[in-house]
Every structure is written in structure tokens, then in C-alpha cells.
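Structure file model_34.pdb (PDB, C-alpha atoms) follows.
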```pdb
ATOM      1  CA  MET M   1      34.290  -6.891  13.664  1.00  0.00           C
ATOM      2  CA  LEU M   2      33.960 -10.506  14.831  1.00  0.00           C
ATOM      3  CA  GLY M   3      37.227 -10.253  16.770  1.00  0.00           C
ATOM      4  CA  LEU M   4      36.046  -7.089  18.525  1.00  0.00           C
ATOM      5  CA  GLN M   5      32.764  -8.765  19.462  1.00  0.00           C
ATOM      6  CA  TYR M   6      34.622 -11.746  20.889  1.00  0.00           C
ATOM      7  CA  THR M   7      36.913  -9.494  22.934  1.00  0.00           C
ATOM      8  CA  ASN M   8      33.969  -7.487  24.271  1.00  0.00           C
ATOM      9  CA  PHE M   9      32.166 -10.648  25.306  1.00  0.00           C
ATOM     10  CA  PHE M  10      35.275 -12.127  26.945  1.00  0.00           C
ATOM     11  CA  MET M  11      35.668  -9.021  29.137  1.00  0.00           C
ATOM     12  CA  VAL M  12      32.109  -9.133  30.504  1.00  0.00           C
ATOM     13  CA  TYR M  13      30.945 -12.745  30.143  1.00  0.00           C
ATOM     14  CA  ARG M  14      31.088 -13.409  33.898  1.00  0.00           C
ATOM     15  CA  SER M  15      28.895 -10.368  34.557  1.00  0.00           C
ATOM     16  CA  VAL M  16      26.534 -11.433  31.781  1.00  0.00           C
ATOM     17  CA  LEU M  17      26.045 -14.889  33.290  1.00  0.00           C
ATOM     18  CA  MET M  18      25.557 -13.447  36.769  1.00  0.00           C
ATOM     19  CA  TYR M  19      23.032 -10.846  35.632  1.00  0.00           C
ATOM     20  CA  ALA M  20      21.191 -13.378  33.464  1.00  0.00           C
ATOM     21  CA  ALA M  21      20.788 -15.792  36.368  1.00  0.00           C
ATOM     22  CA  THR M  22      19.755 -12.978  38.729  1.00  0.00           C
ATOM     23  CA  SER M  23      17.208 -11.613  36.262  1.00  0.00           C
ATOM     24  CA  ILE M  24      15.597 -15.035  35.765  1.00  0.00           C
ATOM     25  CA  VAL M  25      15.298 -15.556  39.531  1.00  0.00           C
ATOM     26  CA  LEU M  26      13.881 -12.076  40.167  1.00  0.00           C
ATOM     27  CA  SER M  27      11.447 -12.314  37.256  1.00  0.00           C
ATOM     28  CA  GLY M  28      10.256 -15.714  38.468  1.00  0.00           C
ATOM     29  CA  ILE M  29       9.671 -14.295  41.956  1.00  0.00           C
ATOM     30  CA  SER M  30       7.720 -11.324  40.590  1.00  0.00           C
ATOM     31  CA  LEU M  31       5.548 -13.629  38.466  1.00  0.00           C
ATOM     32  CA  TRP M  32       4.930 -15.897  41.463  1.00  0.00           C
ATOM     33  CA  ILE M  33       4.005 -12.946  43.700  1.00  0.00           C
ATOM     34  CA  SER M  34       1.618 -11.607  41.075  1.00  0.00           C
ATOM     35  CA  ASP M  35       0.018 -15.037  40.840  1.00  0.00           C
ATOM     36  CA  VAL M  36      -0.566 -15.623  44.573  1.00  0.00           C
ATOM     37  CA  SER M  37      -0.934 -12.065  45.851  1.00  0.00           C
ATOM     38  CA  GLU M  38      -3.701  -9.509  45.497  1.00  0.00           C
ATOM     39  CA  SER M  39      -1.314  -6.596  45.762  1.00  0.00           C
ATOM     40  CA  PHE M  40      -0.513  -3.990  43.144  1.00  0.00           C
ATOM     41  CA  VAL M  41       1.651  -6.426  41.178  1.00  0.00           C
ATOM     42  CA  LEU M  42      -1.314  -8.705  40.473  1.00  0.00           C
ATOM     43  CA  GLY M  43      -1.883  -9.683  36.849  1.00  0.00           C
ATOM     44  CA  GLU M  44      -0.160  -7.777  34.076  1.00  0.00           C
ATOM     45  CA  GLY M  45       1.909  -5.816  36.589  1.00  0.00           C
ATOM     46  CA  GLY M  46       3.776  -9.003  37.462  1.00  0.00           C
ATOM     47  CA  LYS M  47       4.640  -9.629  33.818  1.00  0.00           C
ATOM     48  CA  TRP M  48       5.728  -6.015  33.415  1.00  0.00           C
ATOM     49  CA  LEU M  49       8.003  -6.260  36.457  1.00  0.00           C
ATOM     50  CA  ALA M  50       9.463  -9.602  35.344  1.00  0.00           C
ATOM     51  CA  ILE M  51      10.243  -8.257  31.870  1.00  0.00           C
ATOM     52  CA  ARG M  52      11.791  -5.082  33.255  1.00  0.00           C
ATOM     53  CA  PHE M  53      14.033  -7.035  35.614  1.00  0.00           C
ATOM     54  CA  ILE M  54      15.412  -9.079  32.735  1.00  0.00           C
ATOM     55  CA  MET M  55      15.830  -6.202  30.290  1.00  0.00           C
ATOM     56  CA  LEU M  56      17.552  -3.891  32.778  1.00  0.00           C
ATOM     57  CA  LEU M  57      19.876  -6.500  34.244  1.00  0.00           C
ATOM     58  CA  MET M  58      20.916  -7.785  30.812  1.00  0.00           C
ATOM     59  CA  MET M  59      21.847  -4.238  29.842  1.00  0.00           C
ATOM     60  CA  LEU M  60      24.093  -3.468  32.841  1.00  0.00           C
ATOM     61  CA  PRO M  61      27.187  -5.543  31.935  1.00  0.00           C
ATOM     62  CA  ILE M  62      27.294  -3.959  28.491  1.00  0.00           C
ATOM     63  CA  LEU M  63      27.439  -0.500  30.035  1.00  0.00           C
ATOM     64  CA  GLU M  64      30.120  -1.738  32.440  1.00  0.00           C
ATOM     65  CA  LEU M  65      32.288  -2.512  29.429  1.00  0.00           C
ATOM     66  CA  SER M  66      33.424   1.109  29.074  1.00  0.00           C
ATOM     67  CA  LYS M  67      34.761   1.124  32.638  1.00  0.00           C
ATOM     68  CA  ILE M  68      36.550  -2.173  32.181  1.00  0.00           C
ATOM     69  CA  GLU M  69      38.197  -0.986  28.971  1.00  0.00           C
ATOM     70  CA  ALA M  70      39.293   2.325  30.479  1.00  0.00           C
ATOM     71  CA  LYS M  71      40.728   0.606  33.554  1.00  0.00           C
ATOM     72  CA  SER M  72      42.647  -1.970  31.522  1.00  0.00           C
ATOM     73  CA  GLY M  73      43.758   0.494  28.851  1.00  0.00           C
ATOM     74  CA  TYR M  74      42.051  -1.488  26.091  1.00  0.00           C
ATOM     75  CA  ASP M  75      40.256   1.635  24.823  1.00  0.00           C
ATOM     76  CA  LYS M  76      43.666   3.021  23.792  1.00  0.00           C
ATOM     77  CA  TYR M  77      45.119  -0.312  22.688  1.00  0.00           C
ATOM     78  CA  VAL M  78      42.267  -0.964  20.252  1.00  0.00           C
ATOM     79  CA  LEU M  79      43.305   2.145  18.314  1.00  0.00           C
ATOM     80  CA  THR M  80      46.610   0.456  17.472  1.00  0.00           C
ATOM     81  CA  LEU M  81      44.811  -2.445  15.785  1.00  0.00           C
ATOM     82  CA  PRO M  82      44.293  -2.455  11.994  1.00  0.00           C
ATOM     83  CA  VAL M  83      40.619  -1.491  12.267  1.00  0.00           C
ATOM     84  CA  ARG M  84      38.825   1.730  11.467  1.00  0.00           C
ATOM     85  CA  ARG M  85      37.307   3.877  14.167  1.00  0.00           C
ATOM     86  CA  SER M  86      33.942   3.430  12.498  1.00  0.00           C
ATOM     87  CA  THR M  87      34.286  -0.349  12.968  1.00  0.00           C
ATOM     88  CA  ILE M  88      35.123   0.134  16.659  1.00  0.00           C
ATOM     89  CA  VAL M  89      32.038   2.287  17.232  1.00  0.00           C
ATOM     90  CA  GLN M  90      29.813  -0.077  15.264  1.00  0.00           C
ATOM     91  CA  SER M  91      31.077  -3.038  17.291  1.00  0.00           C
ATOM     92  CA  TYR M  92      29.903  -1.456  20.563  1.00  0.00           C
ATOM     93  CA  TYR M  93      26.498  -0.592  19.170  1.00  0.00           C
ATOM     94  CA  LEU M  94      26.092  -4.068  17.675  1.00  0.00           C
ATOM     95  CA  PHE M  95      27.180  -5.664  20.963  1.00  0.00           C
ATOM     96  CA  TYR M  96      24.625  -3.598  22.857  1.00  0.00           C
ATOM     97  CA  PHE M  97      21.887  -4.455  20.357  1.00  0.00           C
ATOM     98  CA  LEU M  98      22.691  -8.168  20.554  1.00  0.00           C
ATOM     99  CA  PHE M  99      22.197  -8.161  24.302  1.00  0.00           C
ATOM    100  CA  ILE M 100      18.914  -6.283  23.989  1.00  0.00           C
ATOM    101  CA  THR M 101      17.873  -9.066  21.599  1.00  0.00           C
ATOM    102  CA  ILE M 102      18.930 -11.679  24.155  1.00  0.00           C
ATOM    103  CA  GLY M 103      16.907  -9.826  26.781  1.00  0.00           C
ATOM    104  CA  VAL M 104      13.856  -9.842  24.501  1.00  0.00           C
ATOM    105  CA  ILE M 105      14.121 -13.585  23.874  1.00  0.00           C
ATOM    106  CA  LEU M 106      14.790 -14.321  27.544  1.00  0.00           C
ATOM    107  CA  SER M 107      11.849 -12.165  28.686  1.00  0.00           C
ATOM    108  CA  TYR M 108       9.394 -13.836  26.334  1.00  0.00           C
ATOM    109  CA  GLY M 109      10.715 -17.285  27.196  1.00  0.00           C
ATOM    110  CA  VAL M 110      10.542 -16.804  30.980  1.00  0.00           C
ATOM    111  CA  VAL M 111       6.981 -15.462  30.916  1.00  0.00           C
ATOM    112  CA  TYR M 112       5.826 -18.162  28.483  1.00  0.00           C
ATOM    113  CA  ILE M 113       7.433 -21.033  30.401  1.00  0.00           C
ATOM    114  CA  TYR M 114       6.062 -19.786  33.729  1.00  0.00           C
ATOM    115  CA  THR M 115       2.507 -19.507  32.394  1.00  0.00           C
ATOM    116  CA  LEU M 116       2.883 -22.920  30.747  1.00  0.00           C
ATOM    117  CA  LEU M 117       4.134 -24.623  33.918  1.00  0.00           C
ATOM    118  CA  PHE M 118       1.413 -23.150  36.125  1.00  0.00           C
ATOM    119  CA  GLN M 119      -1.318 -23.323  33.450  1.00  0.00           C
ATOM    120  CA  LEU M 120      -1.963 -19.581  33.443  1.00  0.00           C
ATOM    121  CA  PRO M 121      -3.444 -17.578  30.537  1.00  0.00           C
ATOM    122  CA  PHE M 122      -0.840 -16.275  28.095  1.00  0.00           C
ATOM    123  CA  ASN M 123      -1.645 -13.173  26.064  1.00  0.00           C
ATOM    124  CA  SER M 124       1.054 -13.102  23.409  1.00  0.00           C
ATOM    125  CA  ASN M 125       0.154  -9.632  22.060  1.00  0.00           C
ATOM    126  CA  ASN M 126       0.244  -8.111  25.525  1.00  0.00           C
ATOM    127  CA  VAL M 127       3.603  -9.699  26.377  1.00  0.00           C
ATOM    128  CA  VAL M 128       5.092  -8.598  23.053  1.00  0.00           C
ATOM    129  CA  GLU M 129       3.952  -5.028  23.684  1.00  0.00           C
ATOM    130  CA  LEU M 130       5.439  -5.001  27.204  1.00  0.00           C
ATOM    131  CA  ILE M 131       8.738  -6.334  25.864  1.00  0.00           C
ATOM    132  CA  ALA M 132       8.729  -3.893  22.934  1.00  0.00           C
ATOM    133  CA  VAL M 133       8.248  -0.918  25.261  1.00  0.00           C
ATOM    134  CA  ASP M 134      11.240  -1.923  27.384  1.00  0.00           C
ATOM    135  CA  ALA M 135      13.347  -2.774  24.319  1.00  0.00           C
ATOM    136  CA  VAL M 136      12.667   0.666  22.855  1.00  0.00           C
ATOM    137  CA  ALA M 137      13.487   2.273  26.213  1.00  0.00           C
ATOM    138  CA  LEU M 138      16.846   0.476  26.233  1.00  0.00           C
ATOM    139  CA  LEU M 139      17.521   1.493  22.630  1.00  0.00           C
ATOM    140  CA  LEU M 140      16.814   5.111  23.620  1.00  0.00           C
ATOM    141  CA  ALA M 141      19.051   4.712  26.667  1.00  0.00           C
ATOM    142  CA  GLY M 142      21.880   3.447  24.471  1.00  0.00           C
ATOM    143  CA  ALA M 143      21.252   6.226  21.962  1.00  0.00           C
ATOM    144  CA  ILE M 144      21.673   8.762  24.774  1.00  0.00           C
ATOM    145  CA  VAL M 145      24.461   7.106  26.757  1.00  0.00           C
ATOM    146  CA  PHE M 146      26.959   6.175  24.032  1.00  0.00           C
ATOM    147  CA  PRO M 147      27.494   9.657  22.512  1.00  0.00           C
ATOM    148  CA  LEU M 148      27.816  11.156  26.005  1.00  0.00           C
ATOM    149  CA  LEU M 149      30.358   8.523  27.026  1.00  0.00           C
ATOM    150  CA  TYR M 150      32.393   9.166  23.891  1.00  0.00           C
ATOM    151  CA  ASN M 151      32.265  12.897  24.533  1.00  0.00           C
ATOM    152  CA  TYR M 152      32.804  13.111  28.305  1.00  0.00           C
ATOM    153  CA  GLY M 153      34.600   9.822  29.023  1.00  0.00           C
ATOM    154  CA  VAL M 154      34.054   7.152  31.639  1.00  0.00           C
ATOM    155  CA  GLU M 155      34.781   9.531  34.536  1.00  0.00           C
ATOM    156  CA  LYS M 156      31.161  10.671  34.424  1.00  0.00           C
ATOM    157  CA  SER M 157      29.746   7.347  33.268  1.00  0.00           C
ATOM    158  CA  ASP M 158      27.655   6.703  36.401  1.00  0.00           C
ATOM    159  CA  VAL M 159      25.743   9.963  36.047  1.00  0.00           C
ATOM    160  CA  ILE M 160      25.396   9.502  32.281  1.00  0.00           C
ATOM    161  CA  ILE M 161      24.071   5.938  32.563  1.00  0.00           C
ATOM    162  CA  ILE M 162      21.587   6.753  35.341  1.00  0.00           C
ATOM    163  CA  ALA M 163      20.301   9.825  33.492  1.00  0.00           C
ATOM    164  CA  GLY M 164      20.082   8.000  30.178  1.00  0.00           C
ATOM    165  CA  VAL M 165      18.282   4.937  31.543  1.00  0.00           C
ATOM    166  CA  PHE M 166      15.815   6.769  33.767  1.00  0.00           C
ATOM    167  CA  GLY M 167      15.150   9.441  31.150  1.00  0.00           C
ATOM    168  CA  SER M 168      14.362   6.898  28.460  1.00  0.00           C
ATOM    169  CA  PHE M 169      12.096   4.791  30.680  1.00  0.00           C
ATOM    170  CA  ILE M 170      10.204   7.849  31.915  1.00  0.00           C
ATOM    171  CA  SER M 171       9.626   9.071  28.360  1.00  0.00           C
ATOM    172  CA  ILE M 172       8.508   5.659  27.056  1.00  0.00           C
ATOM    173  CA  ASN M 173       6.074   5.073  29.939  1.00  0.00           C
ATOM    174  CA  ASN M 174       3.541   7.325  28.192  1.00  0.00           C
ATOM    175  CA  VAL M 175       2.633   4.526  25.771  1.00  0.00           C
ATOM    176  CA  SER M 176      -0.915   4.506  27.170  1.00  0.00           C
ATOM    177  CA  GLU M 177      -1.388   7.985  25.713  1.00  0.00           C
ATOM    178  CA  ILE M 178      -0.356   6.663  22.302  1.00  0.00           C
ATOM    179  CA  HIS M 179      -2.961   3.914  22.680  1.00  0.00           C
ATOM    180  CA  TYR M 180      -5.540   6.581  23.475  1.00  0.00           C
ATOM    181  CA  LEU M 181      -4.660   8.588  20.353  1.00  0.00           C
ATOM    182  CA  LEU M 182      -4.872   5.501  18.141  1.00  0.00           C
ATOM    183  CA  GLU M 183      -8.355   4.729  19.421  1.00  0.00           C
ATOM    184  CA  ARG M 184      -9.666   8.274  18.871  1.00  0.00           C
ATOM    185  CA  PRO M 185     -10.725  10.021  15.638  1.00  0.00           C
ATOM    186  CA  PRO M 186      -9.397  10.590  13.047  1.00  0.00           C
ATOM    187  CA  LEU M 187      -7.188   7.482  13.328  1.00  0.00           C
ATOM    188  CA  SER M 188     -10.071   5.330  14.580  1.00  0.00           C
ATOM    189  CA  ASN M 189     -12.018   6.222  11.417  1.00  0.00           C
ATOM    190  CA  LEU M 190      -9.579   4.157   9.359  1.00  0.00           C
ATOM    191  CA  ASN M 191     -11.243   0.977  10.710  1.00  0.00           C
ATOM    192  CA  LEU M 192      -7.832  -0.506  11.406  1.00  0.00           C
ATOM    193  CA  ASN M 193      -6.637  -1.904  14.696  1.00  0.00           C
ATOM    194  CA  LEU M 194      -3.514   0.233  14.822  1.00  0.00           C
ATOM    195  CA  SER M 195      -2.772  -0.860  18.389  1.00  0.00           C
ATOM    196  CA  ILE M 196      -1.630  -4.229  17.022  1.00  0.00           C
ATOM    197  CA  TYR M 197       1.162  -2.497  15.100  1.00  0.00           C
ATOM    198  CA  LEU M 198       2.193  -0.243  17.989  1.00  0.00           C
ATOM    199  CA  PRO M 199       5.049  -2.493  19.274  1.00  0.00           C
ATOM    200  CA  PHE M 200       6.549  -2.673  15.786  1.00  0.00           C
ATOM    201  CA  LEU M 201       6.204   1.085  15.260  1.00  0.00           C
ATOM    202  CA  LEU M 202       7.873   1.780  18.589  1.00  0.00           C
ATOM    203  CA  PHE M 203      10.679  -0.632  17.792  1.00  0.00           C
ATOM    204  CA  LEU M 204      11.199   0.973  14.374  1.00  0.00           C
ATOM    205  CA  VAL M 205      11.479   4.425  15.964  1.00  0.00           C
ATOM    206  CA  GLY M 206      13.940   3.051  18.516  1.00  0.00           C
ATOM    207  CA  ILE M 207      16.089   1.490  15.774  1.00  0.00           C
ATOM    208  CA  LEU M 208      16.167   4.722  13.775  1.00  0.00           C
ATOM    209  CA  LEU M 209      17.222   6.748  16.827  1.00  0.00           C
ATOM    210  CA  PHE M 210      19.819   4.107  17.676  1.00  0.00           C
ATOM    211  CA  ILE M 211      21.321   4.344  14.178  1.00  0.00           C
ATOM    212  CA  LEU M 212      21.330   8.148  14.348  1.00  0.00           C
ATOM    213  CA  SER M 213      23.103   7.924  17.709  1.00  0.00           C
ATOM    214  CA  SER M 214      25.805   5.685  16.211  1.00  0.00           C
ATOM    215  CA  LEU M 215      26.510   8.309  13.552  1.00  0.00           C
ATOM    216  CA  ILE M 216      26.798  11.008  16.226  1.00  0.00           C
ATOM    217  CA  SER M 217      29.128   8.811  18.302  1.00  0.00           C
ATOM    218  CA  LEU M 218      31.285   8.158  15.247  1.00  0.00           C
ATOM    219  CA  CYS M 219      31.680  11.901  14.590  1.00  0.00           C
ATOM    220  CA  ILE M 220      32.702  12.450  18.219  1.00  0.00           C
ATOM    221  CA  TYR M 221      35.094   9.472  18.261  1.00  0.00           C
ATOM    222  CA  ARG M 222      36.831  10.507  15.046  1.00  0.00           C
ATOM    223  CA  LYS M 223      37.640  13.942  16.486  1.00  0.00           C
ATOM    224  CA  LYS M 224      38.710  12.607  19.847  1.00  0.00           C
ATOM    225  CA  GLU M 225      42.404  12.370  20.663  1.00  0.00           C
ATOM    226  CA  PHE M 226      43.876   9.978  23.212  1.00  0.00           C
TER
END
```
Write-out of the structure in C-alpha cells:
Amino acid sequence: MLGLQYTNFFMVYRSVLMYAATSIVLSGISLWISDVSESFVLGEGGKWLAIRFIMLLMMLPILELSKIEAKSGYDKYVLTLPVRRSTIVQSYYLFYFLFITIGVILSYGVVYIYTLLFQLPFNSNNVVELIAVDAVALLLAGAIVFPLLYNYGVEKSDVIIIAGVFGSFISINNVSEIHYLLERPPLSNLNLNLSIYLPFLLFLVGILLFILSSLISLCIYRKKEF
């Protein structure tokens, strides 16, 4: 497993560094614009945009990995190694999850450092919720994209990735409706601030769907012949 992770990273590390640097620059610009401008990105919108830049750009090189492997023939070579197909599938999912984690840490760090440097108010709960929403959206995107890539191959990867990413972000953008339901009876009668736990609940759902997706991908990969 460790060897597969190292190989995956070696194939995309240049893209990772480029996207990481680009995401930090773009997020900094969006935070600066939201601070000095009275446009629609003022306030929380600037944080939302900064976080989304980082999360999306950190995800792209991982999804490029399938194209790189198909072009180099590594996707067929890895089957000759003394590893199980289940380990191969798990390595891709773990690699994807690790970079979502890096995106989460980077997003929180960029927003925190910017507000610290410019002495702006920092609402930790709000930032965590914004990051959690995007992290769950990326988990859903991975849960959709990976089984489709295993089933249809990299030839249709562009369509699959676009559909998976946009579909997951569109579906997760209705978080405000979840907030509304939590603040209405009968849930409001419990005298608990359930909104505080919403990011963790969303993340738990995303993890469960991600695990289910890995099982589906494994079934597809085991039946696939090269």
C-alpha cells in the first residue's frame, strides 16, 4: 500500500505543487477582494470562494492520475505486481482522501492566517462549516467518479469528472435547507443546537458514501479484464 501511494504521488507531485500554489494565490485574492470591495463577494462569500478554490484545485491532480496511468501503461503494469486488486482500489481512494484532508488543512490555514495578518474577525464554526460542505462535496464527487472511471475507462473521464464534480456541488449547496429544518419543530423542541453538529454529520455521511463507492469500484475492478 505504501509503495502504491509513493508511486501515485511521484506521478502527480508537480501538478500538486502547481495547483497548491495557484489555489493559495487565488484564495488570497478572493479574500482581499471581499475585504476591500462591497460587491457580492463581501464577507462570508469571500471565505467561501477562497475555500472552494483550494478544495477544487487540490482535487484536480488526483483525478488526472487516471489519465497519466492509462497513457503510461501503469494501470496494466500494476496488475503484474504482487498486490491484490482490492489493495490497488483502496490505494486510489486513500490517496484521494489524503488530498481532501490536505485541502481542508490548507483552507483553514489560509483563511486563519489572512484574518490574523489583517486583524479581521475569525468565526471558526462558520469556516469549519464552509470547509465541511466542500469536503463532503468532494467526497461525493469521488464516490461518483471512481466507479464510473473503473467501468467506462479514461476515454470518457472528462465527461465523468465534470458531471461528478458539478453534480455533487449542486446537491450539497442545499445545506441552508438543512439548517432550516434543524431550526424548526420538532427538532427545535429538543433544545439542542443541532446546527453545531451539522458539519460533522455531513462529513460522516460523505465518508459512508465514499466507503460504499470503494466497494462498488472493487466489484467492477475485479470483473474487469485488461
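Interatomic distance, CA of Leu120 in chain M against CA of Ile51 in chain M: 16.7 Å.
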- Query: Care to translate the PyMOL selection byres ((chain M and resi 56) around 9) into actual residues of this file, as number ranges by chain?
  - Reply: M: 23, 51-55, 57-60, 103, 134, 138, 165
- For Glu129 in chain M, list every protein, DNA or RNA residue within 12 Å, evaluated using only C-alpha atoms, and leave out those in the same chain fewer than 2 positions away; present the list as number ranges by chain. M: 44, 47-48, 51, 104, 107-108, 123-127, 131-136, 175-176, 179, 195-203
So that I can see what lies close to Leu212 in chain M, please list as a JSON list (two decimals) with C-alpha atoms, keeping the file's coordinate frame the residues with an atom at most 12 Å from it, counting only C-alpha atoms and leaving out residues fewer than 5 positions away in the same chain.
```json
[["chain", "number", "residue", "atom", "x", "y", "z"],
["M", 90, "GLN", "CA", 29.81, -0.08, 15.26],
["M", 93, "TYR", "CA", 26.50, -0.59, 19.17],
["M", 139, "LEU", "CA", 17.52, 1.49, 22.63],
["M", 140, "LEU", "CA", 16.81, 5.11, 23.62],
["M", 142, "GLY", "CA", 21.88, 3.45, 24.47],
["M", 143, "ALA", "CA", 21.25, 6.23, 21.96],
["M", 144, "ILE", "CA", 21.67, 8.76, 24.77],
["M", 146, "PHE", "CA", 26.96, 6.18, 24.03],
["M", 147, "PRO", "CA", 27.49, 9.66, 22.51],
["M", 205, "VAL", "CA", 11.48, 4.42, 15.96],
["M", 206, "GLY", "CA", 13.94, 3.05, 18.52],
["M", 207, "ILE", "CA", 16.09, 1.49, 15.77],
["M", 217, "SER", "CA", 29.13, 8.81, 18.30],
["M", 218, "LEU", "CA", 31.28, 8.16, 15.25],
["M", 219, "CYS", "CA", 31.68, 11.90, 14.59]]
```
- For CA of Tyr150 in chain M and CA of Tyr19 in chain M, the interatomic separation in Å (one decimal):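 These atoms are spaced 25.0 Å apart.
Ranking M:Ile170, M:Ile220, M:Ile105, M:Leu204 by their shortest atom-to-atom distance to Asn151 in chain M, with all atoms listed in the file included, puts M:Ile220 first.
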- Item | Residues in the PyMOL selection byres ((chain M and resi 29) around 12), expressed as an NGL selection string | :M and (22-28 or 30-37 or 41 or 46-47 or 49-51 or 53 or 110-111 or 114)
- Message: So, with only C-alpha atoms as the atoms that count, which of M:Lys223, M:Phe10, M:Ala20, M:Lys71 lies closest to Ile102 in chain M?
- Response: M:Ala20
